[in-house]
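S.K.: work_22.txt is the file, holding compact mmCIF, C-alpha atoms:
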```txt
# COMPACT_ATOMS: atom_id res chain seq x y z
CA ALA A 238 25.73 3.06 -18.66
CA VAL A 239 27.35 3.35 -22.10
CA SER A 240 25.44 4.48 -25.20
CA GLN A 241 26.42 3.02 -28.57
CA LEU A 242 26.78 5.63 -31.33
CA HIS A 243 25.84 4.27 -34.73
CA HIS A 244 25.36 5.47 -38.31
CA ALA A 245 24.34 2.81 -40.83
CA GLY A 246 25.65 4.62 -43.92
CA MET A 247 24.84 2.63 -47.06
CA ARG A 248 22.89 0.14 -44.95
CA SER A 249 20.30 2.79 -44.02
CA ALA A 250 16.83 2.13 -45.39
CA ALA A 251 15.80 4.92 -47.78
CA GLU A 252 12.18 4.70 -46.63
CA LEU A 253 13.28 5.35 -43.05
CA ILE A 254 15.61 8.27 -43.71
CA GLY A 255 13.57 9.89 -46.48
CA GLY A 256 16.26 9.83 -49.14
CA ALA A 257 19.24 7.99 -50.56
CA PRO A 258 21.66 6.57 -47.99
CA VAL A 259 25.22 7.85 -47.87
CA CYS A 260 28.55 6.08 -48.07
CA PRO A 261 32.25 6.98 -48.30
CA SER A 262 31.89 6.60 -52.10
CA ASP A 263 29.02 6.11 -54.54
CA ASN A 264 27.80 2.54 -54.12
CA GLU A 265 25.87 1.07 -57.03
CA LYS A 266 24.70 -2.03 -55.15
CA THR A 267 22.90 -0.07 -52.42
CA GLY A 268 22.19 3.14 -54.34
CA ALA A 269 24.12 5.12 -51.73
CA ARG A 270 25.83 8.33 -52.75
CA GLY A 271 29.33 9.29 -51.72
CA LEU A 272 29.74 11.91 -49.02
CA THR A 273 31.32 15.21 -49.99
CA TYR A 274 34.44 16.31 -48.11
CA ALA A 275 32.38 18.82 -46.14
CA GLU A 276 29.88 16.08 -45.24
CA VAL A 277 32.68 13.84 -43.92
CA LYS A 278 33.77 16.69 -41.66
CA GLN A 279 30.15 17.15 -40.56
CA LEU A 280 29.84 13.41 -39.89
CA ILE A 281 32.85 13.60 -37.57
CA ALA A 282 31.35 16.60 -35.79
CA ASP A 283 28.00 14.80 -35.49
CA PHE A 284 29.57 11.78 -33.75
CA VAL A 285 31.34 14.13 -31.33
CA ALA A 286 28.12 16.08 -30.72
CA ALA A 287 26.29 12.81 -30.03
CA ALA A 288 28.88 11.91 -27.38
CA VAL A 289 28.48 15.33 -25.77
CA ARG A 290 24.69 14.86 -25.68
CA ALA A 291 25.12 11.41 -24.15
CA GLU A 292 27.35 12.86 -21.44
CA ARG A 293 24.84 15.64 -20.70
CA ALA A 294 22.05 13.04 -20.54
CA GLY A 295 23.89 11.21 -17.77
CA PHE A 296 25.63 8.36 -19.56
CA ASP A 297 29.03 7.27 -18.26
CA GLY A 298 30.43 6.82 -21.76
CA VAL A 299 29.85 5.93 -25.39
CA GLU A 300 30.93 3.20 -27.78
CA LEU A 301 31.66 4.06 -31.42
CA HIS A 302 30.15 1.37 -33.65
CA GLY A 303 32.83 0.74 -36.25
CA ALA A 304 31.74 -2.81 -37.11
CA HIS A 305 29.21 -4.73 -39.25
CA SER A 306 29.62 -2.57 -42.38
CA TYR A 307 28.08 0.50 -40.79
CA ILE A 308 29.54 3.81 -41.90
CA LEU A 309 32.84 3.79 -39.99
CA CYS A 310 33.45 0.21 -41.13
CA GLN A 311 32.60 1.32 -44.68
CA PHE A 312 35.40 3.88 -44.48
CA PHE A 313 37.85 1.19 -43.33
CA SER A 314 37.03 -1.11 -46.27
CA ALA A 315 39.09 -0.68 -49.45
CA GLU A 316 36.29 -2.51 -51.29
CA VAL A 317 33.74 0.15 -50.33
CA ASN A 318 35.85 3.27 -49.82
CA HIS A 319 37.15 4.60 -53.13
CA ARG A 320 37.77 8.17 -52.01
CA ASP A 321 40.81 10.00 -53.35
CA ASP A 322 41.16 12.52 -50.53
CA GLU A 323 42.64 12.16 -47.03
CA TYR A 324 39.82 9.78 -46.03
CA GLY A 325 40.53 7.18 -48.72
CA GLY A 326 43.36 5.19 -50.26
CA THR A 327 45.84 4.01 -47.64
CA LEU A 328 44.73 2.27 -44.46
CA GLU A 329 45.87 5.31 -42.47
CA ASN A 330 43.57 7.49 -44.54
CA ARG A 331 40.65 5.05 -44.46
CA CYS A 332 40.66 4.88 -40.66
CA ARG A 333 41.42 8.58 -40.20
CA ILE A 334 37.74 9.30 -39.53
CA LEU A 335 37.74 7.03 -36.46
CA PHE A 336 40.75 8.65 -34.85
CA GLU A 337 39.49 12.16 -35.53
CA ILE A 338 36.20 11.26 -33.82
CA ILE A 339 38.12 9.81 -30.86
CA ASP A 340 40.18 12.99 -30.56
CA GLY A 341 37.06 15.12 -30.81
CA ILE A 342 35.28 13.22 -28.04
CA ARG A 343 38.33 13.40 -25.81
CA SER A 344 38.50 17.16 -26.38
CA HIS A 345 34.83 17.84 -25.68
CA CYS A 346 33.90 15.35 -22.94
CA ARG A 347 35.18 15.12 -19.40
CA LYS A 348 38.40 13.23 -18.71
CA ASP A 349 36.72 10.24 -17.04
CA PHE A 350 34.02 9.85 -19.74
CA MET A 351 34.33 6.25 -20.95
CA LEU A 352 35.06 5.69 -24.63
CA GLY A 353 34.94 2.38 -26.47
CA VAL A 354 35.23 1.24 -30.07
CA ARG A 355 33.54 -1.77 -31.71
CA LEU A 356 35.37 -3.34 -34.66
CA THR A 357 34.81 -6.17 -37.13
CA PRO A 358 37.94 -8.20 -38.00
CA GLU A 359 36.70 -9.74 -41.24
CA ARG A 360 33.84 -9.74 -43.83
CA PHE A 361 32.37 -6.57 -45.38
CA GLY A 362 35.63 -5.91 -47.24
CA ILE A 363 37.65 -5.90 -44.01
CA ARG A 364 40.95 -7.80 -44.16
CA LEU A 365 42.20 -9.36 -40.94
CA GLY A 366 45.67 -7.88 -41.30
CA GLU A 367 44.24 -4.38 -41.55
CA ALA A 368 41.79 -4.96 -38.70
CA ILE A 369 44.72 -5.99 -36.49
CA GLN A 370 46.54 -2.76 -37.39
CA ILE A 371 43.50 -0.63 -36.55
CA ALA A 372 42.94 -2.47 -33.26
CA GLN A 373 46.58 -2.13 -32.26
CA ARG A 374 46.58 1.58 -33.01
CA VAL A 375 43.36 2.09 -31.05
CA MET A 376 44.99 0.51 -28.01
CA ALA A 377 48.45 2.02 -28.50
CA GLU A 378 47.20 5.60 -28.61
CA ASP A 379 45.71 5.07 -25.14
CA LYS A 380 42.70 7.31 -25.75
CA VAL A 381 40.08 4.54 -25.61
CA ASP A 382 39.00 2.67 -22.48
CA PHE A 383 37.84 -0.52 -24.19
CA LEU A 384 37.94 -2.24 -27.54
CA ASP A 385 34.95 -4.43 -28.44
CA MET A 386 35.84 -7.02 -31.09
CA SER A 387 32.76 -8.53 -32.74
CA LEU A 388 34.05 -11.96 -33.79
CA TRP A 389 30.79 -13.76 -34.82
CA ASP A 390 32.07 -16.76 -32.83
CA VAL A 391 34.84 -16.26 -30.28
CA PHE A 392 36.20 -19.77 -30.90
CA LYS A 393 36.16 -19.73 -34.71
CA GLU A 394 39.19 -19.61 -37.00
CA PRO A 395 39.65 -16.70 -39.43
CA GLU A 396 38.00 -16.91 -42.85
CA GLU A 397 41.24 -16.03 -44.65
CA THR A 398 43.09 -19.31 -45.21
CA GLN A 399 46.54 -17.85 -44.61
CA HIS A 400 45.53 -16.96 -41.05
CA GLN A 401 43.86 -20.24 -40.13
CA GLY A 402 45.21 -22.76 -37.63
CA ARG A 403 44.39 -20.63 -34.59
CA THR A 404 41.38 -18.74 -33.31
CA LEU A 405 40.39 -15.37 -34.70
CA MET A 406 40.31 -14.05 -31.13
CA SER A 407 43.97 -14.98 -30.56
CA TYR A 408 45.10 -12.36 -33.07
CA PHE A 409 43.69 -9.69 -30.76
CA THR A 410 44.47 -11.13 -27.33
CA GLU A 411 48.17 -11.12 -28.28
CA LEU A 412 48.23 -7.38 -29.03
CA ASP A 413 49.80 -4.86 -26.65
CA ARG A 414 46.78 -3.39 -24.90
CA HIS A 415 48.47 -0.59 -22.96
CA ASN A 416 45.60 0.65 -20.73
CA THR A 417 42.77 -0.49 -23.02
CA ARG A 418 40.58 -3.41 -21.99
CA LEU A 419 39.79 -5.99 -24.67
CA GLY A 420 36.21 -7.24 -24.92
CA VAL A 421 35.03 -9.87 -27.38
CA ALA A 422 31.62 -10.92 -28.65
CA GLY A 423 30.29 -13.89 -30.58
CA LYS A 424 28.19 -16.90 -29.56
CA ILE A 425 29.04 -16.72 -25.87
CA ARG A 426 25.95 -18.47 -24.56
CA THR A 427 26.85 -20.34 -21.36
CA PRO A 428 28.84 -19.62 -18.19
CA GLN A 429 31.36 -22.23 -19.34
CA GLU A 430 31.85 -20.46 -22.68
CA ALA A 431 32.23 -17.15 -20.86
CA GLU A 432 34.88 -18.63 -18.57
CA ALA A 433 36.70 -20.18 -21.54
CA THR A 434 36.72 -16.79 -23.29
CA ILE A 435 38.31 -15.07 -20.29
CA ALA A 436 40.78 -17.94 -19.93
CA ALA A 437 41.75 -17.44 -23.59
CA GLY A 438 42.89 -13.91 -22.79
CA ALA A 439 39.95 -11.51 -23.12
CA ASP A 440 39.40 -8.93 -20.38
CA SER A 441 35.63 -9.00 -20.73
CA ILE A 442 32.82 -10.50 -22.75
CA MET A 443 30.17 -8.64 -24.74
CA LEU A 444 26.73 -10.20 -24.95
```
Can you give me the file's structure in the form of structure tokens?
M.R.:
Amino acid sequence: AVSQLHHAGMRSAAELIGGAPVCPSDNEKTGARGLTYAEVKQLIADFVAAAVRAERAGFDGVELHGAHSYILCQFFSAEVNHRDDEYGGTLENRCRILFEIIDGIRSHCRKDFMLGVRLTPERFGIRLGEAIQIAQRVMAEDKVDFLDMSLWDVFKEPEETQHQGRTLMSYFTELDRHNTRLGVAGKIRTPQEAEATIAAGADSIML
């Protein structure tokens, strides 16, 4: 049993949370305000604390939801994240929050506590080339048990024309996984489609 840890960031509904949503930077379109440096540090601590609570509640692991333009994905996006501190600017800085959360969970939860990450490879200001770099680093650091790539359609081609001519999934199945299992999601609706997805190189499917 794995619990998914999620923070919607600028996509939070103000009427649900009782105030303006938050974002890596001020966002005029959604009315979200940018997080202060101290609030970014608190956000990291909150994700780690959520994993600890999940472990105490009896879950076998957690998945960090870094896809679909929720708050971690918002940090990754250069279109959304305009911070000028260590959590903005370069790709390394923009994805720093994810890796600090991973390190925090590994430090505070038991060794065999499962940890996964869900990523989006395109849309929401995410560029495929950068998504590939984040995914490869997640697997190369060998601190995560599984990577969950949300592909919209596992058999589609990328939206960026320069990467078309092959499936979006193929850019991730070719990466060096080390000890991380690769799961993929997106319009897998029949046993035949599930079998074709595994045959194409995924370790598992996410429904």
S.K.: Would you kindly identify which residues have an atom no farther than 12 Å from (34.6, 15.3, -32.7), using only C-alpha atoms and the file's own coordinates, and write them out as a PDB file with C-alpha atoms, in the frame of the given file?
M.R.:
```pdb
ATOM      1  CA  VAL A 277      32.680  13.840 -43.920  1.00  0.00           C
ATOM      2  CA  LYS A 278      33.770  16.690 -41.660  1.00  0.00           C
ATOM      3  CA  GLN A 279      30.150  17.150 -40.560  1.00  0.00           C
ATOM      4  CA  LEU A 280      29.840  13.410 -39.890  1.00  0.00           C
ATOM      5  CA  ILE A 281      32.850  13.600 -37.570  1.00  0.00           C
ATOM      6  CA  ALA A 282      31.350  16.600 -35.790  1.00  0.00           C
ATOM      7  CA  ASP A 283      28.000  14.800 -35.490  1.00  0.00           C
ATOM      8  CA  PHE A 284      29.570  11.780 -33.750  1.00  0.00           C
ATOM      9  CA  VAL A 285      31.340  14.130 -31.330  1.00  0.00           C
ATOM     10  CA  ALA A 286      28.120  16.080 -30.720  1.00  0.00           C
ATOM     11  CA  ALA A 287      26.290  12.810 -30.030  1.00  0.00           C
ATOM     12  CA  ALA A 288      28.880  11.910 -27.380  1.00  0.00           C
ATOM     13  CA  VAL A 289      28.480  15.330 -25.770  1.00  0.00           C
ATOM     14  CA  LEU A 301      31.660   4.060 -31.420  1.00  0.00           C
ATOM     15  CA  ILE A 334      37.740   9.300 -39.530  1.00  0.00           C
ATOM     16  CA  LEU A 335      37.740   7.030 -36.460  1.00  0.00           C
ATOM     17  CA  PHE A 336      40.750   8.650 -34.850  1.00  0.00           C
ATOM     18  CA  GLU A 337      39.490  12.160 -35.530  1.00  0.00           C
ATOM     19  CA  ILE A 338      36.200  11.260 -33.820  1.00  0.00           C
ATOM     20  CA  ILE A 339      38.120   9.810 -30.860  1.00  0.00           C
ATOM     21  CA  ASP A 340      40.180  12.990 -30.560  1.00  0.00           C
ATOM     22  CA  GLY A 341      37.060  15.120 -30.810  1.00  0.00           C
ATOM     23  CA  ILE A 342      35.280  13.220 -28.040  1.00  0.00           C
ATOM     24  CA  ARG A 343      38.330  13.400 -25.810  1.00  0.00           C
ATOM     25  CA  SER A 344      38.500  17.160 -26.380  1.00  0.00           C
ATOM     26  CA  HIS A 345      34.830  17.840 -25.680  1.00  0.00           C
ATOM     27  CA  CYS A 346      33.900  15.350 -22.940  1.00  0.00           C
TER      28      CYS A 346
END
```
S.K.: Atom CA of A:Leu444 and atom CA of A:Gly303, how far apart in Å?
M.R.: 16.9 Å
S.K.: Measuring between all atoms listed in the file, which one of A:Arg293, A:Lys380, A:Arg360, A:His305 shows the shortest distance to A:Arg248?
M.R.: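 Residue with the minimum atom-to-atom distance to A:Arg248: A:His305.
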S.K.: So that I can check the surroundings of A:Cys332, please list as a VMD selection string every protein, DNA and RNA residue that reaches within 10 Å of it, counting all atoms listed in the file and ignoring chain neighbours fewer than 6 positions away.
M.R.: chain A and resid 303 309 to 314 323 to 326 367 371
S.K.: Which polymer residues have any atom within 12 Å of an atom of stretch 427-431 of chain A, counting all atoms listed in the file, with same-chain residues fewer than 4 positions away left out, as a list in words?
M.R.: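 That gives Asp390, Val391, Phe392, Gly420, Val421, Ala422, Gly423, Ile435, Ala436, Ala437, Gly438, Ala439, Asp440, Ser441, Ile442, Met443 and Leu444 of chain A.
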S.K.: Between atom CA of A:Ile363 and atom CA of A:His319, what is the spacing in Å?
M.R.: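 Atom CA of A:His319 sits 13.9 Å away from atom CA of A:Ile363.
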S.K.: For atom CA of A:Arg331 and atom CA of A:Leu419, quote the distance in Å rounded to one decimal.
M.R.: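 A separation of 22.7 Å between them.
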S.K.: Identify which of the residues A:Ser387, A:Thr434, A:Gln241, A:Ser407 lies closest to A:Phe296, counting all atoms listed in the file when measuring atom-to-atom distances.
M.R.: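 Residue with the minimum atom-to-atom distance to A:Phe296: A:Gln241.
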S.K.: Restricting the calculation to all atoms listed in the file, which member of A:Ser240, A:Gln370, A:Ser306, A:Thr357 is positioned closest to A:Ala291?
M.R.: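 Ranking A:Ser240, A:Gln370, A:Ser306, A:Thr357 by distance to A:Ala291, first place goes to A:Ser240.
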S.K.: Of the candidates A:Leu272, A:His244, A:Met406, A:Pro261, which one gets nearest to A:Asn330 if we count all atoms listed in the file?
M.R.: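 Once distances to A:Asn330 are computed over all atoms listed in the file, the minimum belongs to A:Pro261.
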S.K.: Skipping near chain neighbours, those fewer than 3 positions away, what residues fall within 7 Å of A:Gly268 using only C-alpha atoms, listed as a CSV table (one decimal) with C-alpha atoms, keeping the file's coordinate frame?
M.R.:
```csv
chain,number,residue,atom,x,y,z
A,257,ALA,CA,19.2,8.0,-50.6
A,264,ASN,CA,27.8,2.5,-54.1
A,265,GLU,CA,25.9,1.1,-57.0
```
S.K.: Counting only C-alpha atoms, which of A:Glu396, A:Asp385, A:Glu252, A:Asp321 gets nearest to A:Gly271?
M.R.: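 Looking only at the distances to A:Gly271, the closest residue turns out to be A:Asp321.
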S.K.: Which residue gives the smallest distance to A:Thr327 among A:Phe350, A:Ala315, A:Gly366, A:Thr267, with only C-alpha atoms counted?
M.R.: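 Closest residue, counting only C-alpha atoms: A:Ala315.
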